[in-house]
$ cat coords.tsv   # TSV, C-alpha atoms and all ligand atoms
chain	number	residue	atom	x	y	z
A	1075	MET	CA	0.00	0.00	0.00
A	1076	ILE	CA	1.44	3.36	-1.07
A	1077	PHE	CA	0.71	6.54	0.90
A	1078	TYR	CA	1.77	9.81	-0.68
A	1079	PHE	CA	1.71	13.57	-0.39
A	1080	SER	CA	2.71	16.09	-3.04
A	1081	GLY	CA	2.80	19.90	-3.45
A	1082	SER	CA	3.83	20.34	-7.08
A	1083	GLY	CA	3.35	16.83	-8.46
A	1084	ASN	CA	6.88	15.33	-8.20
A	1085	SER	CA	6.11	12.94	-5.36
A	1086	GLN	CA	2.72	12.08	-6.84
A	1087	ALA	CA	4.31	11.14	-10.19
A	1088	ALA	CA	6.84	9.00	-8.29
A	1089	ALA	CA	4.10	7.37	-6.17
A	1090	GLU	CA	2.05	6.58	-9.27
A	1091	ALA	CA	5.07	5.02	-11.00
A	1092	ILE	CA	5.73	2.90	-7.89
A	1093	ALA	CA	2.06	1.84	-7.71
A	1094	THR	CA	2.10	0.78	-11.37
A	1095	PHE	CA	5.36	-1.17	-11.05
A	1096	GLN	CA	4.41	-2.84	-7.74
A	1097	ASN	CA	0.79	-3.34	-8.88
A	1098	ASP	CA	-0.23	-1.81	-5.57
A	1099	GLN	CA	-2.94	0.43	-4.17
A	1100	ILE	CA	-2.22	4.17	-3.82
A	1101	VAL	CA	-3.66	6.40	-1.08
A	1102	SER	CA	-3.54	10.19	-0.93
A	1103	ILE	CA	-2.53	11.35	2.55
A	1104	VAL	CA	-4.50	14.59	1.99
A	1105	GLN	CA	-7.68	12.66	1.19
A	1106	ALA	CA	-7.08	10.31	4.12
A	1107	ILE	CA	-6.70	13.22	6.57
A	1108	GLN	CA	-9.63	15.17	5.12
A	1109	SER	CA	-11.92	12.17	5.49
A	1110	ALA	CA	-10.32	11.10	8.82
A	1111	HIS	CA	-9.60	7.68	7.28
A	1112	TYR	CA	-6.66	6.31	9.23
A	1113	HIS	CA	-7.29	2.56	9.25
A	1114	TYR	CA	-5.92	0.36	6.43
A	1115	ALA	CA	-6.02	-3.43	6.77
A	1116	LEU	CA	-2.86	-5.05	5.40
A	1117	LYS	CA	-2.66	-8.45	3.75
A	1118	PRO	CA	0.09	-10.77	5.06
A	1119	GLY	CA	3.46	-9.71	3.59
A	1120	GLU	CA	2.06	-6.49	2.10
A	1121	LYS	CA	4.55	-3.64	1.80
A	1122	VAL	CA	3.93	-0.15	3.17
A	1123	ILE	CA	5.52	2.63	1.13
A	1124	PHE	CA	5.48	6.33	2.05
A	1125	VAL	CA	6.28	8.82	-0.75
A	1126	PHE	CA	6.68	12.53	-0.02
A	1127	PRO	CA	8.86	15.60	-0.64
A	1128	VAL	CA	11.65	16.65	1.72
A	1129	TYR	CA	10.71	19.88	3.54
A	1130	ALA	CA	13.54	21.61	5.40
A	1131	TRP	CA	15.50	18.31	5.42
A	1132	ALA	CA	12.64	16.47	7.14
A	1133	PRO	CA	9.22	14.94	6.36
A	1134	PRO	CA	6.40	17.50	5.85
A	1135	GLU	CA	4.24	18.07	8.90
A	1136	ILE	CA	1.15	16.64	7.15
A	1137	VAL	CA	3.04	13.37	6.58
A	1138	SER	CA	4.21	13.23	10.21
A	1139	GLN	CA	0.61	13.79	11.30
A	1140	PHE	CA	-0.59	10.92	9.11
A	1141	ILE	CA	2.15	8.52	10.22
A	1142	SER	CA	1.38	9.19	13.86
A	1143	HIS	CA	-2.30	8.26	13.34
A	1144	VAL	CA	-2.36	5.47	10.71
A	1145	THR	CA	-3.21	1.93	11.85
A	1146	PHE	CA	-2.94	-1.39	10.02
A	1147	GLY	CA	-5.14	-3.68	12.11
A	1148	GLU	CA	-4.05	-7.17	13.10
A	1149	ILE	CA	-0.99	-7.31	10.88
A	1150	ASP	CA	2.09	-5.20	11.63
A	1151	PRO	CA	3.89	-4.09	8.46
A	1152	ASP	CA	7.04	-6.21	7.95
A	1153	TYR	CA	8.44	-4.03	5.15
A	1154	ILE	CA	8.23	-0.22	5.32
A	1155	SER	CA	9.88	1.81	2.61
A	1156	VAL	CA	10.26	5.59	2.55
A	1157	VAL	CA	10.80	7.27	-0.83
A	1158	VAL	CA	11.49	11.00	-0.74
A	1159	THR	CA	11.74	13.47	-3.58
A	1160	TYR	CA	14.17	16.36	-3.07
A	1161	SER	CA	15.93	19.01	-5.13
A	1162	LYS	CA	19.31	19.52	-3.45
A	1163	GLN	CA	19.91	17.45	-0.33
A	1164	THR	CA	17.88	15.33	2.06
A	1165	GLY	CA	19.86	16.20	5.23
A	1166	ASP	CA	18.97	13.79	8.02
A	1167	CYS	CA	15.45	13.17	6.70
A	1168	LEU	CA	15.92	9.39	7.02
A	1169	ASN	CA	16.46	9.63	10.76
A	1170	ALA	CA	13.53	12.02	11.16
A	1171	ALA	CA	11.28	9.56	9.29
A	1172	ARG	CA	12.74	6.66	11.23
A	1173	GLN	CA	11.91	8.33	14.56
A	1174	LEU	CA	8.30	8.86	13.48
A	1175	ILE	CA	7.90	5.27	12.34
A	1176	GLU	CA	9.72	3.72	15.31
A	1177	LYS	CA	7.46	5.68	17.66
A	1178	ARG	CA	4.65	3.55	16.23
A	1179	GLY	CA	6.59	0.37	17.00
A	1180	TRP	CA	7.54	-0.32	13.34
A	1181	GLN	CA	10.89	-0.34	11.50
A	1182	VAL	CA	11.99	1.44	8.32
A	1183	THR	CA	13.38	-1.27	6.03
A	1184	SER	CA	14.45	0.92	3.14
A	1185	PHE	CA	14.88	4.59	2.24
A	1186	TYR	CA	15.38	6.02	-1.24
A	1187	SER	CA	15.90	9.59	-2.38
A	1188	LEU	CA	14.85	10.75	-5.85
A	1189	LYS	CA	16.24	14.04	-7.17
A	1190	MET	CA	13.51	16.13	-8.78
A	1191	PRO	CA	12.93	19.73	-9.90
A	1192	HIS	CA	13.05	22.41	-7.21
A	1193	ASN	CA	9.78	23.99	-6.10
A	1194	TYR	CA	10.62	26.06	-3.00
A	1195	LEU	CA	10.07	29.49	-4.51
A	1196	ILE	CA	9.98	31.36	-1.21
A	1197	VAL	CA	13.78	31.28	-1.22
A	1198	GLY	CA	15.40	31.41	-4.68
A	1199	GLN	CA	14.07	30.27	-8.04
A	1200	VAL	CA	12.79	27.06	-9.57
A	1201	ASP	CA	15.31	25.17	-11.72
A	1202	SER	CA	15.87	26.35	-15.29
A	1203	TYR	CA	13.89	24.44	-17.91
A	1204	GLU	CA	17.04	22.51	-18.92
A	1205	VAL	CA	17.94	21.50	-15.35
A	1206	ALA	CA	14.34	20.49	-14.53
A	1207	TYR	CA	14.12	18.48	-17.77
A	1208	GLN	CA	17.42	16.71	-17.03
A	1209	LYS	CA	16.26	15.85	-13.50
A	1210	LEU	CA	12.99	14.42	-14.83
A	1211	VAL	CA	14.81	12.35	-17.47
A	1212	THR	CA	17.30	11.00	-14.90
A	1213	SER	CA	14.51	10.20	-12.45
A	1214	VAL	CA	13.10	7.51	-14.77
A	1215	PRO	CA	15.98	4.96	-14.48
A	1216	THR	CA	16.45	5.88	-10.78
A	1217	LEU	CA	12.80	5.14	-10.14
A	1218	ARG	CA	13.13	1.83	-12.00
A	1219	GLU	CA	16.04	0.84	-9.71
A	1220	ILE	CA	14.04	1.90	-6.64
A	1221	ASN	CA	11.10	-0.18	-7.83
A	1222	GLN	CA	13.25	-3.25	-8.48
A	1223	SER	CA	14.79	-2.91	-5.04
A	1224	ILE	CA	11.40	-2.51	-3.33
A	1225	ALA	CA	10.02	-5.49	-5.25
A	1226	LYS	CA	12.84	-7.62	-3.76
A	1227	LYS	CA	12.13	-6.11	-0.31
A	1228	GLU	CA	15.77	-5.11	-0.04
A	1229	GLU	CA	17.20	-3.40	3.03
A	1230	VAL	CA	18.72	-0.31	1.42
A	1231	PHE	CA	19.30	3.26	2.65
A	1232	LYS	CA	20.07	5.69	-0.18
A	1233	GLU	CA	20.29	9.26	1.03
A	1234	ALA	CA	21.65	12.50	-0.41
A	1235	ARG	CA	22.57	13.94	2.96
A	1236	GLY	CA	24.76	16.88	1.88
A	1237	LEU	CA	26.93	18.80	4.36
A	1238	PHE	CA	26.03	18.95	8.07
A	1239	PRO	CA	22.89	16.82	7.64
A	1240	ARG	CA	21.98	16.62	11.34
A	1241	LEU	CA	22.47	20.33	11.86
A	1242	ARG	CA	20.34	21.12	8.82
A	1243	THR	CA	17.49	18.86	9.93
A	1244	LYS	CA	17.56	20.21	13.48
A	1245	GLY	CA	17.99	23.89	12.52
A	1246	GLY	CA	15.83	23.64	9.38
A	1247	SER	CA	12.87	22.20	11.23
A	1248	PHE	CA	13.18	24.94	13.81
A	1249	LEU	CA	13.35	27.64	11.13
A	1250	PHE	CA	10.50	26.02	9.24
A	1251	ARG	CA	8.27	25.85	12.29
A	1252	ASP	CA	8.58	29.61	12.32
A	1253	LEU	CA	7.85	29.92	8.62
A	1254	SER	CA	4.73	27.80	8.94
A	1255	LYS	CA	3.10	29.92	11.61
A	1256	GLY	CA	0.60	31.53	9.23
A	1257	PRO	CA	-0.08	32.25	5.57
A	1258	THR	CA	-0.06	36.02	6.06
A	1259	SER	CA	2.46	36.79	3.33
A	1260	PHE	CA	0.36	35.27	0.52
A	1261	PHE	CA	-1.76	37.48	-1.72
A	1262	ALA	CA	-3.12	37.37	-5.28
A	1263	ASN	CA	-2.43	40.16	-7.77
A	1264	ASP	CA	-4.82	41.54	-10.39
A	1265	HIS	CA	-4.19	38.63	-12.78
A	1266	CYS	CA	-6.49	36.52	-10.57
A	1267	ILE	CA	-9.59	35.31	-12.48
A	1268	SER	CA	-11.41	33.90	-9.39
A	1269	CYS	CA	-11.22	30.33	-10.77
A	1270	LYS	CA	-10.82	28.79	-7.28
A	1271	VAL	CA	-8.12	26.32	-8.31
A	1272	CYS	CA	-6.07	27.46	-5.30
A	1273	GLU	CA	-9.01	26.91	-2.93
A	1274	LYS	CA	-9.65	23.43	-4.31
A	1275	ILE	CA	-6.10	22.12	-4.14
A	1276	CYS	CA	-5.03	23.53	-0.80
A	1277	PRO	CA	-4.36	20.42	1.34
A	1278	THR	CA	-5.30	22.21	4.56
A	1279	ASN	CA	-8.33	24.14	3.20
A	1280	CYS	CA	-6.88	27.45	4.29
A	1281	ILE	CA	-7.85	29.39	1.13
A	1282	LYS	CA	-11.29	30.88	0.48
A	1283	VAL	CA	-11.94	32.68	-2.81
A	1284	LYS	CA	-14.61	35.33	-3.09
A	1285	LYS	CA	-13.36	37.67	-5.75
A	1286	LYS	CA	-9.78	37.00	-4.81
A	1287	PRO	CA	-8.34	34.35	-2.48
A	1288	LYS	CA	-7.96	34.95	1.22
A	1289	TRP	CA	-5.64	32.87	3.36
A	1290	GLU	CA	-6.61	31.91	6.87
A	1291	GLY	CA	-5.61	29.05	9.14
A	1292	LYS	CA	-2.97	26.38	8.90
A	1293	CYS	CA	-0.67	26.65	5.89
A	1294	ILE	CA	2.04	24.00	5.47
A	1295	LYS	CA	3.88	25.99	2.74
A	1296	CYS	CA	3.54	23.20	0.19
A	1297	LEU	CA	3.25	25.96	-2.45
A	1298	ALA	CA	0.62	24.03	-4.45
A	1299	CYS	CA	-1.52	27.18	-4.70
A	1300	LEU	CA	1.39	29.27	-5.89
A	1301	HIS	CA	2.58	26.83	-8.57
A	1302	TYR	CA	-0.80	25.58	-9.85
A	1303	CYS	CA	-2.51	29.00	-10.14
A	1304	PRO	CA	-3.22	29.17	-13.91
A	1305	LYS	CA	-2.44	32.90	-13.97
A	1306	SER	CA	0.62	32.85	-11.66
A	1307	ALA	CA	-1.34	35.44	-9.70
A	1308	ILE	CA	-0.33	34.18	-6.26
A	1309	GLN	CA	2.58	35.94	-4.63
A	1310	TYR	CA	4.45	35.40	-1.38
A	1311	GLY	CA	5.95	38.70	-0.32
A	1312	LYS	CA	6.99	41.30	-2.83
A	1313	LYS	CA	9.65	39.60	-4.94
A	1314	MET	CA	7.75	36.78	-6.59
A	1315	GLU	CA	6.04	38.37	-9.59
A	1316	HIS	CA	8.81	37.56	-12.07
A	1317	LYS	CA	9.74	34.15	-10.72
A	1318	LYS	CA	8.83	31.14	-12.89
A	1319	ARG	CA	6.46	28.52	-11.48
A	1320	TYR	CA	6.86	24.72	-11.72
A	1321	THR	CA	4.47	21.79	-11.74
A	1322	HIS	CA	5.25	18.21	-12.73
A	1323	PRO	CA	4.23	17.78	-16.39
A	1324	ASP	CA	2.16	14.63	-15.70
A	1325	VAL	CA	0.16	15.89	-12.71
A	1326	LEU	CA	-2.69	18.29	-13.48
A	1327	TRP	CA	-4.16	20.49	-10.77
A	1328	HIS	CA	-7.37	18.46	-10.42
A	1329	GLU	CA	-5.34	15.26	-10.05
A	1330	LEU	CA	-3.06	16.60	-7.30
A	1331	ASN	CA	-3.44	14.57	-4.11
A	1332	GLN	CA	-6.42	12.88	-5.82
A	1333	CYS	CA	-8.67	15.90	-5.49
A	1334	ARG	CA	-10.94	14.43	-8.13
A	1335	ASN	CA	-14.34	14.82	-6.51
A	1336	LYS	CA	-16.98	16.93	-8.23
A	1337	ASN	CA	-16.98	19.93	-5.97
A	1338	ARG	CA	-13.32	20.39	-6.83
A	1339	GLN	CA	-14.01	20.93	-10.55
A	1340	PRO	CA	-13.12	24.43	-11.79
A	1341	LYS	CA	-15.71	27.10	-12.55
A	1342	PHE	CA	-14.04	28.94	-15.43
B	1	LIG	C1	8.58	23.92	2.10
B	1	LIG	C2	9.61	23.25	1.25
B	1	LIG	C3	10.83	22.87	1.78
B	1	LIG	C4	11.77	22.22	0.98
B	1	LIG	N1	12.94	21.79	1.55
B	1	LIG	C5	13.83	21.08	0.80
B	1	LIG	C6	15.01	20.53	1.40
B	1	LIG	O1	15.26	20.65	2.58
B	1	LIG	N2	15.89	19.87	0.59
B	1	LIG	C7	15.66	19.72	-0.75
B	1	LIG	O2	16.50	19.12	-1.43
B	1	LIG	N3	14.53	20.17	-1.34
B	1	LIG	C8	13.60	20.85	-0.58
B	1	LIG	N4	12.44	21.31	-1.16
B	1	LIG	C9	12.18	20.99	-2.57
B	1	LIG	C10	11.26	19.78	-2.71
B	1	LIG	O3	11.56	18.79	-1.76
B	1	LIG	C11	11.32	19.15	-4.09
B	1	LIG	O4	11.19	20.10	-5.10
B	1	LIG	C12	10.25	18.05	-4.19
B	1	LIG	O5	10.52	17.22	-5.29
B	1	LIG	C13	8.85	18.62	-4.34
B	1	LIG	O6	7.94	17.55	-4.41
B	1	LIG	P1	6.39	17.72	-4.73
B	1	LIG	O7	6.30	18.25	-6.15
B	1	LIG	O8	5.85	16.36	-4.61
B	1	LIG	O9	5.84	18.68	-3.75
B	1	LIG	C14	11.50	21.97	-0.40
B	1	LIG	C15	10.27	22.39	-0.93
B	1	LIG	C16	9.34	23.01	-0.13
B	1	LIG	C17	8.00	23.43	-0.72
B	2	LIG	S1	-5.90	29.92	-8.66
B	2	LIG	FE1	-5.07	31.95	-9.17
B	2	LIG	S2	-6.52	32.79	-10.61
B	2	LIG	FE2	-7.57	31.10	-9.60
B	2	LIG	S3	-8.63	32.04	-7.84
B	2	LIG	FE3	-6.66	31.34	-7.09
B	2	LIG	S4	-5.33	33.14	-7.31
B	2	LIG	FE4	-7.13	33.53	-8.56
B	3	LIG	S1	-2.12	27.98	1.29
B	3	LIG	FE1	-0.94	27.29	-0.45
B	3	LIG	S2	1.05	26.81	0.44
B	3	LIG	FE2	-0.37	26.92	2.15
B	3	LIG	S3	-1.05	24.82	2.46
B	3	LIG	FE3	-2.53	25.80	1.08
B	3	LIG	S4	-1.82	25.29	-0.99
B	3	LIG	FE4	-0.12	24.89	0.43
$ encode --input "coords.tsv" --output "structure tokens"
Amino acid sequence: MIFYFSGSGNSQAAAEAIATFQNDQIVSIVQAIQSAHYHYALKPGEKVIFVFPVYAWAPPEIVSQFISHVTFGEIDPDYISVVVTYSKQTGDCLNAARQLIEKRGWQVTSFYSLKMPHNYLIVGQVDSYEVAYQKLVTSVPTLREINQSIAKKEEVFKEARGLFPRLRTKGGSFLFRDLSKGPTSFFANDHCISCKVCEKICPTNCIKVKKKPKWEGKCIKCLACLHYCPKSAIQYGKKMEHKKRYTHPDVLWHELNQCRNKNRQPKF
């Protein structure tokens, strides 16, 4: 069973490729949390695979929340794999994920990191078209290797820790806790066409669109709203207007985190 979360489509594309290869069921963590569905019965020997992006060298808060609540009934998972997508380095994300999973009395059997295009626009820029394209091309054989390894239930730990991984994960999480206090720096400029895409894809439902979007409540800085806005109208602070946006080419806004239900269809 594959559980995933994604902000700009990279982790979703990876999770879907894993589900196809492993012929396994895929579950959106956003949908699971929104419907308070935390119980999943495992078949004997069934693998559990978590797929998500690295946020500040650690798992995103929404993923930690899900892992701390999910239950598998009578059968304890005997193979848990964590697959993270990242753009530069994973820091000590493996240990952070391990701590979450061990708290539940389970073990991480394998960890894989998949380099993908950068999406954290709040600091810096997205990758150039050429760099993003190269990362996507390279991700295909890497994902095949990951899939073959998972299929054999190998015990493998492939990280891209970078320099000072522990320090980054400790300091980064602290810094990020601060950043995630509120969505007050978001606003939409006059290019907004009131389509409500941002409202429909926000994983924490913290956007309400009347004429323009308003942000209120818990924002996890996934940047889905910012990247998927069809008019690039969403800004964070003053310096974002000329920055390019990025979304994975195979994941359309209404597919993100399986937000396929009818009331999420656009009203253009
Ligand atoms: C809030 C936030 C924090 C991030 N932190 C890191 C990081 O610590 N290391 C890294 O390599 N990439 C980082 N990234 C980049 C993403 O991990 C990367 O682009 C990922 O593939 C995005 O996956 P998604 O499209 O499924 O959301 C961050 C992105 C966001 C939005
Ligand atoms: S997605 Fe963009 S254009 Fe649509 S309502 Fe939100 S800000 Fe406006
Ligand atoms: S407001 Fe935007 S960045 Fe914040 S959680 Fe919602 S979609 Fe993600």
$ atom_distance --input "coords.tsv" --atom1 "atom CA of Lys1232 of chain A" --atom2 "atom CA of Gly1119 of chain A"
23.0 Å
$ residues_near_ligand --input "coords.tsv" --ligand "ligand LIG 2 (chain B)" --cutoff "10 Å" --atoms "only C-alpha atoms and all ligand atoms" --output "MDAnalysis selection string"
chainID A and resid 1260:1275 1281:1288 1298:1309 1327 1340:1342
$ closest_atom_pairs --input "coords.tsv" --of "segment 1218-1322 of chain A" --to "segment 1105-1114 of chain A" --cutoff "12 Å" --atoms "only C-alpha atoms" --output "CSV"
residue,atom,partner,partner_atom,distance
A:Ile1275,CA,A:Gln1105,CA,11.0
A:Cys1276,CA,A:Gln1108,CA,11.2
A:Pro1277,CA,A:Gln1108,CA,8.3
A:Thr1278,CA,A:Gln1108,CA,8.3
A:Asn1279,CA,A:Gln1108,CA,9.3
$ residues_near_ligand --input "coords.tsv" --ligand "ligand LIG 1 (chain B)" --cutoff "8 Å" --atoms "all atoms listed in the file" --output "VMD selection string"
chain A and resid 1079 to 1087 1126 to 1132 1134 1158 to 1165 1188 to 1195 1243 1246 1250 1294 to 1298 1321 to 1322
$ atom_distance --input "coords.tsv" --atom1 "atom S4 of ligand LIG 3 (chain B)" --atom2 "atom CA of Leu1330 of chain A"
10.8 Å
$ atom_distance --input "coords.tsv" --atom1 "atom CA of Glu1148 of chain A" --atom2 "atom CA of Gln1332 of chain A"
27.7 Å
$ closest_residue --input "coords.tsv" --among "A:Gly1236, A:Ile1136, A:Val1144, A:Val1325" --to "ligand LIG 3 (chain B)" --atoms "only C-alpha atoms and all ligand atoms"
A:Ile1136
$ residues_around --input "coords.tsv" --residues "Ser1184 of chain A" --least-positions-apart "3" --cutoff "8 Å" --atoms "all atoms listed in the file" --output "ChimeraX atom specification"
/A:1154-1156,1224,1228-1231
$ closest_residue --input "coords.tsv" --among "A:Glu1135, A:Asp1201, A:Asp1324, A:Glu1219" --to "ligand LIG 3 (chain B)" --atoms "all atoms listed in the file"
A:Glu1135
$ residues_around --input "coords.tsv" --residues "Ile1100 of chain A" --least-positions-apart "4" --cutoff "7 Å" --atoms "all atoms listed in the file" --output "ChimeraX atom specification"
/A:1075-1077,1093
$ closest_residue --input "coords.tsv" --among "A:Gly1245, A:Pro1239, A:Pro1215, A:Gly1291" --to "ligand LIG 3 (chain B)" --atoms "all atoms listed in the file"
A:Gly1291
$ axis_aligned_box --input "coords.tsv" --around "segment 1079-1086 of chain A" --padding-each-side "6 Å" --output "lines of an AutoDock Vina configuration file"
center_x = 4.3
center_y = 16.2
center_z = -4.4
size_x = 17.2
size_y = 20.3
size_z = 20.1
$ closest_residue --input "coords.tsv" --among "A:Ser1259, A:Ser1223, A:Ser1202, A:Gln1099" --to "ligand LIG 3 (chain B)" --atoms "only C-alpha atoms and all ligand atoms"
A:Ser1259
$ closest_residue --input "coords.tsv" --among "A:Pro1323, A:Gly1311, A:Gly1179, A:Gly1198" --to "Ser1142 of chain A" --atoms "all atoms listed in the file"
A:Gly1179
$ closest_residue --input "coords.tsv" --among "A:Ile1196, A:Ala1089, A:Arg1240, A:Lys1317" --to "ligand LIG 3 (chain B)" --atoms "only C-alpha atoms and all ligand atoms"
A:Ile1196
